[in-house]
Every structure is written in structure tokens, then in C-alpha cells.
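Have a look at final-v3.tsv; it's TSV, C-alpha atoms and all ligand atoms:
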chain	number	residue	atom	x	y	z
E	1	MET	CA	40.81	10.78	-10.13
E	2	GLU	CA	37.87	8.38	-9.80
E	3	THR	CA	34.75	10.09	-8.48
E	4	ARG	CA	33.02	8.64	-5.44
E	5	LYS	CA	30.46	5.95	-6.19
E	6	VAL	CA	26.84	6.92	-5.53
E	7	TRP	CA	24.59	4.37	-3.78
E	8	LEU	CA	20.79	4.62	-3.66
E	9	VAL	CA	19.38	2.60	-0.77
E	10	THR	CA	15.65	2.20	-0.05
E	11	GLY	CA	14.26	1.59	3.44
E	12	ALA	CA	17.22	3.37	5.01
E	13	SER	CA	15.66	4.45	8.31
E	14	LYS	CA	16.45	1.26	10.22
E	15	GLY	CA	17.81	-2.26	10.05
E	16	LEU	CA	19.99	-3.39	7.21
E	17	GLY	CA	19.38	-0.19	5.21
E	18	LEU	CA	20.50	2.11	8.02
E	19	THR	CA	23.52	-0.07	8.82
E	20	LEU	CA	24.51	-0.04	5.16
E	21	ILE	CA	24.25	3.71	4.63
E	22	LYS	CA	26.25	4.44	7.81
E	23	LYS	CA	29.01	2.15	6.60
E	24	LEU	CA	28.91	3.63	3.09
E	25	LEU	CA	29.30	7.16	4.45
E	26	GLN	CA	32.18	6.02	6.71
E	27	GLU	CA	33.85	4.49	3.64
E	28	ASN	CA	33.48	7.73	1.64
E	29	TYR	CA	30.72	6.76	-0.71
E	30	CYS	CA	27.88	9.14	-1.62
E	31	VAL	CA	24.45	8.01	-0.46
E	32	VAL	CA	20.87	8.63	-1.52
E	33	ALA	CA	18.68	7.22	1.25
E	34	THR	CA	14.94	6.81	0.81
E	35	THR	CA	12.59	6.63	3.76
E	36	ARG	CA	8.95	7.19	4.61
E	37	SER	CA	9.95	9.74	7.24
E	38	ALA	CA	13.08	11.83	6.63
E	39	LYS	CA	12.95	13.24	10.18
E	40	SER	CA	14.35	10.14	11.92
E	41	LEU	CA	16.93	9.62	9.18
E	42	ILE	CA	18.13	13.24	9.45
E	43	GLU	CA	18.31	12.89	13.26
E	44	GLU	CA	20.40	9.75	12.80
E	45	ILE	CA	22.72	10.87	9.98
E	46	GLY	CA	22.36	14.63	9.47
E	47	ASN	CA	20.96	16.98	6.85
E	48	ALA	CA	21.50	16.71	3.11
E	49	SER	CA	25.11	17.42	2.17
E	50	GLY	CA	27.58	16.94	-0.66
E	51	VAL	CA	27.70	13.22	0.18
E	52	PHE	CA	24.27	12.49	1.64
E	53	LEU	CA	20.76	12.97	0.27
E	54	PRO	CA	17.81	11.77	2.39
E	55	ILE	CA	14.57	11.64	0.40
E	56	GLU	CA	11.09	11.06	1.75
E	57	VAL	CA	9.26	8.87	-0.74
E	58	ASN	CA	6.36	6.49	-0.90
E	59	LEU	CA	7.92	3.66	-2.90
E	60	THR	CA	4.54	2.37	-4.03
E	61	ASP	CA	3.86	5.62	-5.93
E	62	ASN	CA	5.70	5.56	-9.26
E	63	SER	CA	5.56	9.35	-9.70
E	64	GLU	CA	7.14	9.89	-6.26
E	65	VAL	CA	9.88	7.39	-7.09
E	66	LYS	CA	10.49	9.09	-10.46
E	67	ALA	CA	10.83	12.46	-8.73
E	68	ALA	CA	13.21	10.96	-6.13
E	69	VAL	CA	15.46	9.49	-8.82
E	70	GLU	CA	15.46	12.82	-10.71
E	71	LYS	CA	16.40	14.60	-7.47
E	72	SER	CA	19.24	12.13	-6.90
E	73	MET	CA	20.55	12.69	-10.44
E	74	ALA	CA	20.34	16.46	-10.01
E	75	HIS	CA	22.25	16.20	-6.70
E	76	PHE	CA	25.01	13.70	-7.61
E	77	GLY	CA	24.92	13.49	-11.42
E	78	LYS	CA	24.89	9.67	-11.41
E	79	ILE	CA	23.77	6.57	-9.54
E	80	ASP	CA	26.18	3.63	-9.42
E	81	VAL	CA	24.64	1.11	-7.03
E	82	VAL	CA	20.96	0.59	-6.24
E	83	VAL	CA	19.80	-1.44	-3.22
E	84	ASN	CA	16.12	-2.32	-3.21
E	85	ASN	CA	16.03	-3.05	0.49
E	86	ALA	CA	12.71	-1.68	1.83
E	87	GLY	CA	10.29	-4.41	2.77
E	88	TYR	CA	8.34	-6.04	5.57
E	89	GLY	CA	7.10	-9.44	6.60
E	90	GLN	CA	3.37	-10.12	6.57
E	91	ILE	CA	2.73	-13.15	8.77
E	92	GLY	CA	-0.46	-15.19	8.30
E	93	THR	CA	-1.70	-18.27	6.47
E	94	LEU	CA	-3.15	-17.89	2.98
E	95	GLU	CA	-6.67	-18.42	4.36
E	96	GLU	CA	-6.24	-15.85	7.11
E	97	LEU	CA	-4.85	-12.95	5.12
E	98	SER	CA	-7.27	-10.64	3.38
E	99	ASP	CA	-6.84	-9.57	-0.22
E	100	GLU	CA	-5.76	-6.18	1.06
E	101	GLU	CA	-3.14	-7.57	3.48
E	102	ALA	CA	-1.67	-9.75	0.73
E	103	ARG	CA	-1.68	-7.03	-1.92
E	104	THR	CA	-0.16	-4.43	0.40
E	105	ASN	CA	2.79	-6.76	1.08
E	106	PHE	CA	3.26	-7.17	-2.69
E	107	ASP	CA	2.90	-3.41	-3.21
E	108	VAL	CA	5.87	-2.68	-0.96
E	109	ASN	CA	8.12	-5.72	-1.44
E	110	VAL	CA	7.56	-6.19	-5.19
E	111	PHE	CA	6.00	-3.18	-6.90
E	112	GLY	CA	8.03	-0.70	-4.84
E	113	SER	CA	11.24	-2.27	-6.14
E	114	LEU	CA	9.87	-2.37	-9.69
E	115	ASN	CA	9.15	1.38	-9.46
E	116	VAL	CA	12.78	1.98	-8.51
E	117	ILE	CA	14.14	-0.27	-11.26
E	118	ARG	CA	11.88	1.33	-13.91
E	119	ASN	CA	13.06	4.81	-12.98
E	120	VAL	CA	16.81	4.21	-12.48
E	121	MET	CA	17.33	2.05	-15.56
E	122	PRO	CA	17.20	4.92	-18.10
E	123	TYR	CA	20.20	6.50	-16.33
E	124	LEU	CA	22.15	3.26	-15.79
E	125	ARG	CA	21.50	2.26	-19.41
E	126	LYS	CA	22.78	5.61	-20.65
E	127	GLN	CA	25.90	5.57	-18.45
E	128	LYS	CA	26.48	1.90	-19.39
E	129	SER	CA	27.23	0.84	-15.84
E	130	GLY	CA	25.50	0.05	-12.58
E	131	THR	CA	24.93	-2.57	-9.93
E	132	ILE	CA	21.47	-3.48	-8.64
E	133	PHE	CA	20.92	-5.48	-5.45
E	134	ASN	CA	17.36	-6.67	-4.86
E	135	ILE	CA	16.92	-7.89	-1.29
E	136	SER	CA	14.80	-11.02	-1.31
E	137	SER	CA	15.02	-13.55	1.55
E	138	VAL	CA	15.87	-17.18	2.00
E	139	GLY	CA	12.05	-17.31	2.06
E	140	GLY	CA	12.28	-16.29	-1.61
E	141	LEU	CA	14.14	-19.53	-2.31
E	142	PHE	CA	12.32	-21.94	0.00
E	143	GLY	CA	8.67	-21.28	0.85
E	144	GLY	CA	7.91	-24.20	3.17
E	145	PHE	CA	7.27	-22.06	6.26
E	146	SER	CA	3.76	-22.28	7.71
E	147	GLY	CA	2.26	-18.77	8.03
E	148	PHE	CA	4.77	-17.06	5.75
E	149	GLY	CA	3.28	-17.86	2.33
E	150	ILE	CA	2.48	-14.33	1.22
E	151	TYR	CA	5.81	-12.93	2.41
E	152	CYS	CA	7.63	-15.80	0.68
E	153	ALA	CA	5.60	-15.19	-2.48
E	154	THR	CA	6.70	-11.54	-2.54
E	155	LYS	CA	10.31	-12.62	-2.14
E	156	PHE	CA	9.99	-15.36	-4.81
E	157	ALA	CA	8.72	-12.59	-7.08
E	158	VAL	CA	11.81	-10.50	-6.31
E	159	ALA	CA	14.00	-13.50	-7.18
E	160	GLY	CA	12.11	-14.16	-10.41
E	161	PHE	CA	12.24	-10.64	-11.75
E	162	THR	CA	15.89	-10.23	-10.72
E	163	GLU	CA	16.87	-13.28	-12.77
E	164	ALA	CA	15.13	-11.69	-15.76
E	165	LEU	CA	16.58	-8.26	-15.03
E	166	ALA	CA	20.12	-9.68	-14.93
E	167	GLU	CA	19.60	-11.00	-18.48
E	168	GLU	CA	17.92	-7.83	-19.73
E	169	VAL	CA	20.53	-5.35	-18.50
E	170	LYS	CA	23.82	-7.18	-18.95
E	171	ALA	CA	24.18	-5.79	-22.50
E	172	PHE	CA	24.28	-2.30	-20.94
E	173	GLY	CA	27.07	-3.16	-18.49
E	174	VAL	CA	24.60	-3.34	-15.59
E	175	SER	CA	24.43	-6.24	-13.13
E	176	ALA	CA	21.50	-7.43	-11.04
E	177	THR	CA	21.87	-9.60	-7.94
E	178	VAL	CA	19.11	-11.17	-5.86
E	179	VAL	CA	20.17	-11.34	-2.23
E	180	TYR	CA	18.72	-14.09	-0.01
E	181	PRO	CA	19.42	-13.24	3.64
E	182	GLY	CA	18.80	-15.72	6.44
E	183	TYR	CA	17.85	-14.39	9.87
E	184	PHE	CA	19.59	-11.04	10.53
E	185	ARG	CA	19.37	-9.18	13.84
E	186	THR	CA	17.41	-6.09	12.76
E	187	ASP	CA	13.95	-4.70	13.56
E	188	PHE	CA	12.45	-7.07	10.98
E	189	LEU	CA	10.60	-9.25	13.54
E	190	ALA	CA	9.87	-6.37	15.93
E	191	ASN	CA	6.68	-4.45	16.56
E	192	GLY	CA	6.30	-1.76	13.90
E	193	SER	CA	8.01	-3.84	11.19
E	194	VAL	CA	6.48	-7.32	10.94
E	195	LYS	CA	2.69	-7.51	10.59
E	196	ILE	CA	0.44	-10.22	12.04
E	197	PRO	CA	-2.91	-11.17	10.47
E	198	ASN	CA	-5.92	-9.02	11.31
E	199	LEU	CA	-8.08	-12.11	11.63
E	200	ALA	CA	-6.16	-15.10	13.00
E	201	ILE	CA	-7.77	-18.55	12.78
E	202	GLU	CA	-6.74	-20.49	15.88
E	203	GLU	CA	-7.01	-23.88	14.13
E	204	TYR	CA	-3.77	-23.07	12.28
E	205	GLU	CA	-1.70	-24.32	15.21
E	206	ASP	CA	1.63	-24.65	13.37
E	207	ALA	CA	1.35	-21.15	11.95
E	208	ARG	CA	0.46	-19.70	15.37
E	209	GLN	CA	3.40	-21.49	17.01
E	210	SER	CA	5.75	-20.26	14.31
E	211	GLU	CA	4.39	-16.72	14.66
E	212	THR	CA	4.96	-16.79	18.45
E	213	ALA	CA	8.45	-18.22	18.03
E	214	HIS	CA	9.37	-15.54	15.47
E	215	LEU	CA	8.01	-12.65	17.52
E	216	ASN	CA	9.41	-13.86	20.83
E	217	SER	CA	12.35	-16.25	20.77
E	218	ILE	CA	13.82	-15.64	17.29
E	219	ASN	CA	13.43	-11.84	17.45
E	220	GLY	CA	16.62	-10.48	19.03
E	221	ASN	CA	18.45	-13.81	18.72
E	222	GLN	CA	18.94	-13.93	14.97
E	223	PRO	CA	22.32	-15.49	14.16
E	224	ASN	CA	23.47	-12.99	11.53
E	225	ASP	CA	24.99	-9.51	11.85
E	226	PRO	CA	23.66	-6.72	9.56
E	227	GLU	CA	27.08	-4.99	9.73
E	228	LYS	CA	28.57	-8.04	8.03
E	229	ALA	CA	25.79	-8.11	5.42
E	230	ALA	CA	26.63	-4.48	4.61
E	231	ASP	CA	30.33	-5.40	4.27
E	232	VAL	CA	29.43	-8.20	1.85
E	233	LEU	CA	27.26	-5.93	-0.33
E	234	ILE	CA	30.07	-3.35	-0.52
E	235	ALA	CA	32.61	-6.09	-1.38
E	236	ILE	CA	30.33	-7.62	-4.05
E	237	SER	CA	29.75	-4.17	-5.59
E	238	LYS	CA	33.50	-4.08	-6.34
E	239	GLU	CA	33.49	-7.43	-8.15
E	240	ASP	CA	33.84	-7.32	-11.94
E	241	THR	CA	31.02	-9.82	-12.34
E	242	PRO	CA	28.65	-9.85	-9.35
E	243	PRO	CA	26.61	-13.06	-8.95
E	244	VAL	CA	22.95	-13.27	-9.93
E	245	HIS	CA	22.25	-15.17	-6.67
E	246	LEU	CA	23.80	-14.25	-3.34
E	247	VAL	CA	22.86	-16.25	-0.23
E	248	LEU	CA	23.72	-14.52	3.09
E	249	GLY	CA	24.21	-16.35	6.37
E	250	SER	CA	25.03	-19.94	7.36
E	251	ASP	CA	21.33	-20.59	8.11
E	252	ALA	CA	20.45	-19.38	4.61
E	253	TYR	CA	23.25	-21.52	3.16
E	254	ASP	CA	21.81	-24.66	4.79
E	255	MET	CA	18.24	-23.81	3.70
E	256	ALA	CA	19.37	-23.07	0.13
E	257	LYS	CA	21.24	-26.39	-0.09
E	258	ASN	CA	18.21	-28.18	1.37
E	259	LYS	CA	15.94	-26.56	-1.25
E	260	ALA	CA	18.29	-27.59	-4.06
E	261	ASP	CA	18.30	-31.19	-2.72
E	262	LEU	CA	14.49	-31.28	-2.36
E	263	LEU	CA	14.04	-29.93	-5.87
E	264	ASN	CA	16.52	-32.43	-7.31
E	265	LYS	CA	14.84	-35.27	-5.41
E	266	ASP	CA	11.37	-34.40	-6.79
E	267	ILE	CA	12.76	-33.86	-10.29
E	268	GLU	CA	14.43	-37.28	-10.28
E	269	GLN	CA	11.68	-39.19	-8.43
E	270	TRP	CA	8.94	-38.02	-10.82
E	271	LYS	CA	11.12	-37.93	-13.93
E	272	SER	CA	9.10	-40.58	-15.80
E	273	TYR	CA	5.98	-38.37	-15.63
E	274	THR	CA	8.02	-35.28	-16.45
E	275	LEU	CA	9.39	-36.83	-19.60
E	276	SER	CA	6.07	-38.36	-20.66
E	277	THR	CA	4.41	-35.24	-22.04
E	278	GLY	CA	6.08	-34.64	-25.40
E	279	PHE	CA	4.33	-35.25	-28.76
V	301	LIG	P1	13.71	-3.63	9.26
V	301	LIG	O1	12.29	-3.81	9.62
V	301	LIG	O2	14.68	-3.30	10.33
V	301	LIG	O3	13.87	-2.56	8.09
V	301	LIG	C1	13.01	-2.58	6.96
V	301	LIG	C2	13.11	-1.29	6.19
V	301	LIG	O4	12.10	-1.29	5.18
V	301	LIG	C3	12.87	-0.08	7.08
V	301	LIG	O5	13.72	0.99	6.71
V	301	LIG	C4	11.42	0.26	6.81
V	301	LIG	O6	11.12	1.62	7.01
V	301	LIG	C5	11.29	-0.14	5.34
V	301	LIG	N1	9.89	-0.38	5.04
V	301	LIG	C6	9.07	-1.26	5.65
V	301	LIG	N2	7.82	-1.13	5.19
V	301	LIG	C7	7.85	-0.13	4.27
V	301	LIG	C8	6.88	0.51	3.45
V	301	LIG	N3	5.59	0.16	3.52
V	301	LIG	N4	7.28	1.48	2.61
V	301	LIG	C9	8.58	1.84	2.57
V	301	LIG	N5	9.54	1.31	3.34
V	301	LIG	C10	9.17	0.34	4.17
V	301	LIG	O7	14.13	-5.02	8.57
V	301	LIG	P2	15.46	-5.40	7.77
V	301	LIG	O8	15.87	-6.72	8.24
V	301	LIG	O9	16.44	-4.30	7.77
V	301	LIG	O10	14.84	-5.59	6.29
V	301	LIG	C11	15.52	-5.18	5.12
V	301	LIG	C12	15.18	-6.12	4.00
V	301	LIG	O11	15.74	-7.40	4.27
V	301	LIG	C13	13.67	-6.35	3.82
V	301	LIG	O12	13.37	-6.36	2.43
V	301	LIG	C14	13.46	-7.73	4.40
V	301	LIG	O13	12.35	-8.39	3.83
V	301	LIG	C15	14.77	-8.40	4.07
V	301	LIG	N6	15.09	-9.56	4.89
V	301	LIG	C16	15.35	-9.41	6.23
V	301	LIG	C17	15.68	-10.53	6.98
V	301	LIG	C18	16.01	-10.45	8.44
V	301	LIG	O14	16.08	-11.50	9.10
V	301	LIG	N7	16.26	-9.28	8.99
V	301	LIG	C19	15.73	-11.79	6.37
V	301	LIG	C20	15.44	-11.90	5.02
V	301	LIG	C21	15.14	-10.79	4.29
Show the structure stored in the file as C-alpha cells.
Ligand code: NAD
Amino acid sequence: METRKVWLVTGASKGLGLTLIKKLLQENYCVVATTRSAKSLIEEIGNASGVFLPIEVNLTDNSEVKAAVEKSMAHFGKIDVVVNNAGYGQIGTLEELSDEEARTNFDVNVFGSLNVIRNVMPYLRKQKSGTIFNISSVGGLFGGFSGFGIYCATKFAVAGFTEALAEEVKAFGVSATVVYPGYFRTDFLANGSVKIPNLAIEEYEDARQSETAHLNSINGNQPNDPEKAADVLIAISKEDTPPVHLVLGSDAYDMAKNKADLLNKDIEQWKSYTLSTGF
């Protein structure tokens, strides 16, 4: 009899992560759920059990992540699917955001995921199987949003290292997929998740308007359903060959196609310069 697959999901206390782990438990998977505060997760789902392991961990601390992965292995004996989901949006133009604001967003969205990958890979490599989903954003594919440069940069980084990871781990029977969601109706744009710049510069009118629109009119009216994103991740995890790139949502589809067109246009329009640099 096939044993239940074990999923490790980061950022499981709300939003997409919480939706996903609830669905996984309903569908009889085993779940390791990481969070900064186990209390709310335990209130929501229940205490640790034979199928559920909540772990409080600071993802930006490699030794805490290592200990969490060891605890997961001791509890379930394996990890089959990893979802690097934890992350937040730092709004603010490049001039507005301090070094600390920018680096903190990278610490969570980029280095947190790298800590997880570094510590799960020895086990996935040994067991010669595994599926890794790294949650980027459509902002990790197209960065032309005023006031979202740092967030987009973190998500471009996720896309870049996932493409490399997919190449590095395929020989071990492990797949890596970068997921580019469009707007999903979660807490992402709500108070307590998204961060606004400490020192806003009013002259950045477009960025301010975009910030207001995101916090007010877009928040709560996002076109995509996190339940359906969770269904897609579960379905893709069953594919023999999961894709390297997975775009989620019709808004993300349109933006991804637009980016591909813009890139092709620039490549073709400036081709004579491009091809002029060889010896
Ligand atoms: P959310 O705010 O509802 O949930 C984010 C999760 O990440 C929470 O569990 C939160 O606790 C965790 N998290 C945030 N900051 C953290 C930190 N410093 N350390 C550890 N964990 C932290 O938002 P969501 O929509 O569920 O976001 C999930 C992922 O999807 C994020 O990586 C986000 O960037 C990405 N994403 C979301 C959207 C969207 O529209 N909702 C679009 C594109 C990408």
C-alpha cells in the first residue's frame, strides 16, 4: 500500500498556505506546516498528530529551519512535496525604501526559501524523489509596476533560482516549479501582511496611487480563488513531469503573455545592436 505523501508548507497560518494545508488534510495527505506563531495554527487546525505537524520557525534563521526539517523527518520519515509559500509584499519606490526595508523583504521571500531548499535537499536527494513549489508572483515575471520594485525583485530572484534548481535536481528525480500567481483573494494586501514604506515621498504620484488602489480597491476584490490555487498545486504534484513555470490566474496569464511580447519586441527591434558585439 502506498504511504501518504508528506507536504511541507511554509507560511501556513493564513492565506494560500492555510487554504492549502486544510485541503491537504481533507484529502488525506500528511502536513508539516511552518509558521511564526504555532498558537493560531493550532487553534485553526489542532495539535500535532499522526498526520499534522505544526512547527514554529523563523525561516530567516538557517539553524531553525534545519531543526524544523529534522523534526519533520523524525515525525514522518520523509518529505515528498515542499511549498515555499511564506512571503510578503513590501510596497515603496526604490528611492523610498531603506536598505533595511529592502533587505528584510529579500530575507523572507528569498533567503527564507533558500534555507528550506538547502535543508530539505539532502533528504530528497537520498530518497531520489520530491516536488518543490517556489511561490513567486506574476511580479516575478513582469516588474513594470510603480512602487513594487523591491517585491518584484525578490520574486524575480525566486524565479531565477528555481530555474537553476530544476536543472540541478532533476538527476535526483526531484522537480522544481516556480509558481507565478496573479491577484488571489488572501490577506496579502491587508494590514499585517503588506508593508508600506516608512518614509513615503509624495512626489511619486503613480506609486502612491497604485499603493492606495492596492490597499483599498484591489484588496478584497482580487479575481482569483486560493482554494482553486491549492487544487492546482495538488493536481500538479501528481504529474509525472511538473512544469518549471506555472502561471496561476487569467490576470497572470495576460500579464505573462504581455511580458513575452514586450521581450520579443525589444529583442527584435534592437537585434542589430545585439548581434553587433562578437569578435
Ligand atoms: P498572506 O499574507 O495571506 O499569507 C502570507 C503567509 O506568509 C502568511 O502565512 C504569513 O505568516 C507568511 N509570512 C509573511 N511574512 C513572513 C515572515 N517574515 N516570516 C515568515 N512567514 C511570513 O498572503 P498569501 O497571498 O497567502 O501569500 C502567499 C504567497 O503568495 C506569498 O509568497 C506571496 O508573495 C505570494 N503571492 C500572493 C499573491 C496574492 O495576490 N495573494 C500574488 C502573487 C504572489
- Message: Residues contacting ligand LIG 301 (chain V) - anything with an atom at most 6 Å away, using all atoms listed in the file - can you give me those as number ranges by chain?
- Response: E: 11-17, 36, 59, 85-88, 108, 135-137, 181-188, 193
- If you measure from CA of Ile55 in chain E to CA of Val116 in chain E, what distance in Å do you get, rounded to one decimal?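 Spanning CA of Ile55 in chain E to CA of Val116 in chain E is a straight-line distance of 13.3 Å.
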- Item | Pick from E:Arg118, E:Thr19, E:Asn58, E:Trp7, whichever lies nearest to Ser37 in chain E using only C-alpha atoms |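 Closest to Ser37 in chain E, using only C-alpha atoms: E:Asn58.
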- Quick one: of E:Ala159, E:Gly92, E:Leu248, E:Asn264, who's nearest to Val194 in chain E, counting all atoms listed in the file? E:Gly92
- Query: Neighbours of range 195-200 of chain E within 6 Å (only C-alpha atoms; same-chain residues fewer than 6 positions away dropped), as a PyMOL selection string?
  - Reply: chain E and resi 90-92+96-97
Mind dumping the selected residues with C-alpha atoms as a short mmCIF file (atom, residue, chain, number, x, y, z; two decimals), in the frame of the given file?
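Result file again00.cif:
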data_model
loop_
_atom_site.label_atom_id
_atom_site.label_comp_id
_atom_site.auth_asym_id
_atom_site.auth_seq_id
_atom_site.Cartn_x
_atom_site.Cartn_y
_atom_site.Cartn_z
CA GLN E 90 3.37 -10.12 6.57
CA ILE E 91 2.73 -13.15 8.77
CA GLY E 92 -0.46 -15.19 8.30
CA GLU E 96 -6.24 -15.85 7.11
CA LEU E 97 -4.85 -12.95 5.12
#
What are the closest atom pairs, with distances in Å to one decimal, for all residues of range 57-160 of chain E lying within 10 Å of range 164-173 of chain E? Consider only C-alpha atoms, order rows by chain and residue number, and present the result as JSON lines.
{"residue": "E:Ile117", "atom": "CA", "partner": "E:Leu165", "partner_atom": "CA", "distance": 9.2}
{"residue": "E:Met121", "atom": "CA", "partner": "E:Val169", "partner_atom": "CA", "distance": 8.6}
{"residue": "E:Leu124", "atom": "CA", "partner": "E:Phe172", "partner_atom": "CA", "distance": 7.9}
{"residue": "E:Arg125", "atom": "CA", "partner": "E:Phe172", "partner_atom": "CA", "distance": 5.6}
{"residue": "E:Lys126", "atom": "CA", "partner": "E:Phe172", "partner_atom": "CA", "distance": 8.1}
{"residue": "E:Gln127", "atom": "CA", "partner": "E:Phe172", "partner_atom": "CA", "distance": 8.4}
{"residue": "E:Lys128", "atom": "CA", "partner": "E:Phe172", "partner_atom": "CA", "distance": 5.0}
{"residue": "E:Ser129", "atom": "CA", "partner": "E:Gly173", "partner_atom": "CA", "distance": 4.8}
{"residue": "E:Gly130", "atom": "CA", "partner": "E:Gly173", "partner_atom": "CA", "distance": 6.9}
{"residue": "E:Thr131", "atom": "CA", "partner": "E:Gly173", "partner_atom": "CA", "distance": 8.8}
{"residue": "E:Ile132", "atom": "CA", "partner": "E:Ala166", "partner_atom": "CA", "distance": 8.9}
{"residue": "E:Ala159", "atom": "CA", "partner": "E:Ala164", "partner_atom": "CA", "distance": 8.8}
{"residue": "E:Gly160", "atom": "CA", "partner": "E:Ala164", "partner_atom": "CA", "distance": 6.6}
- Message: For a test of reading the model, state the distance in Å between CA of Asn28 in chain E and CA of His245 in chain E, rounded to one decimal.
- Response: 26.8 Å
- Message: Every residue with an atom at most 9 Å from (5.0, -20.8, 2.5) (file coordinates; all atoms listed in the file) is what I'm after, so could you write them as a ChimeraX atom specification?
- Response: /E:93-94,139,142-153
- Message: Can you tell me which residues surround range 49-53 of chain E at a distance of at most 6 Å, considering all atoms listed in the file, apart from same-chain residues fewer than 6 positions away, and format the answer as a VMD selection string?
- Response: chain E and resid 30 to 32
Generate the output file for the selected residues, C-alpha atoms, as a tab-separated table (two decimals), in the coordinates of the input.
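Listed below is the output, result-v1.tsv:
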chain	number	residue	atom	x	y	z
E	30	CYS	CA	27.88	9.14	-1.62
E	31	VAL	CA	24.45	8.01	-0.46
E	32	VAL	CA	20.87	8.63	-1.52
- Task: Give me, please, the distance in Å between CA of Val6 in chain E and CA of Val110 in chain E, quoted to one decimal.
- Result: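 According to the coordinates, CA of Val6 in chain E and CA of Val110 in chain E are separated by 23.3 Å.
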- Query: When distances are computed from only C-alpha atoms, which of E:Ala67, E:Ile236, E:Leu24, E:Leu141 shows the smallest separation from Ala176 in chain E?
  - Reply: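 Ranked by minimum distance to Ala176 in chain E, first place goes to E:Ile236.
Restricting the calculation to all atoms listed in the file, the smallest distance between Gly220 in chain E and any of E:Ser237, E:Glu203, E:Thr162, E:Asn191 is found for E:Asn191.
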- Near range 231-233 of chain E, within 9 Å and counting all atoms listed in the file, which residues show up once chain neighbours fewer than 5 positions away are dropped, as a ChimeraX atom specification? /E:20,23,133,226,238,248
Keeping only C-alpha atoms, take the residues you just selected and write them out as a short mmCIF file (atom, residue, chain, number, x, y, z; two decimals), keeping the file's coordinate frame.
data_model
loop_
_atom_site.label_atom_id
_atom_site.label_comp_id
_atom_site.auth_asym_id
_atom_site.auth_seq_id
_atom_site.Cartn_x
_atom_site.Cartn_y
_atom_site.Cartn_z
CA LEU E 20 24.51 -0.04 5.16
CA LYS E 23 29.01 2.15 6.60
CA PHE E 133 20.92 -5.48 -5.45
CA PRO E 226 23.66 -6.72 9.56
CA LYS E 238 33.50 -4.08 -6.34
CA LEU E 248 23.72 -14.52 3.09
#
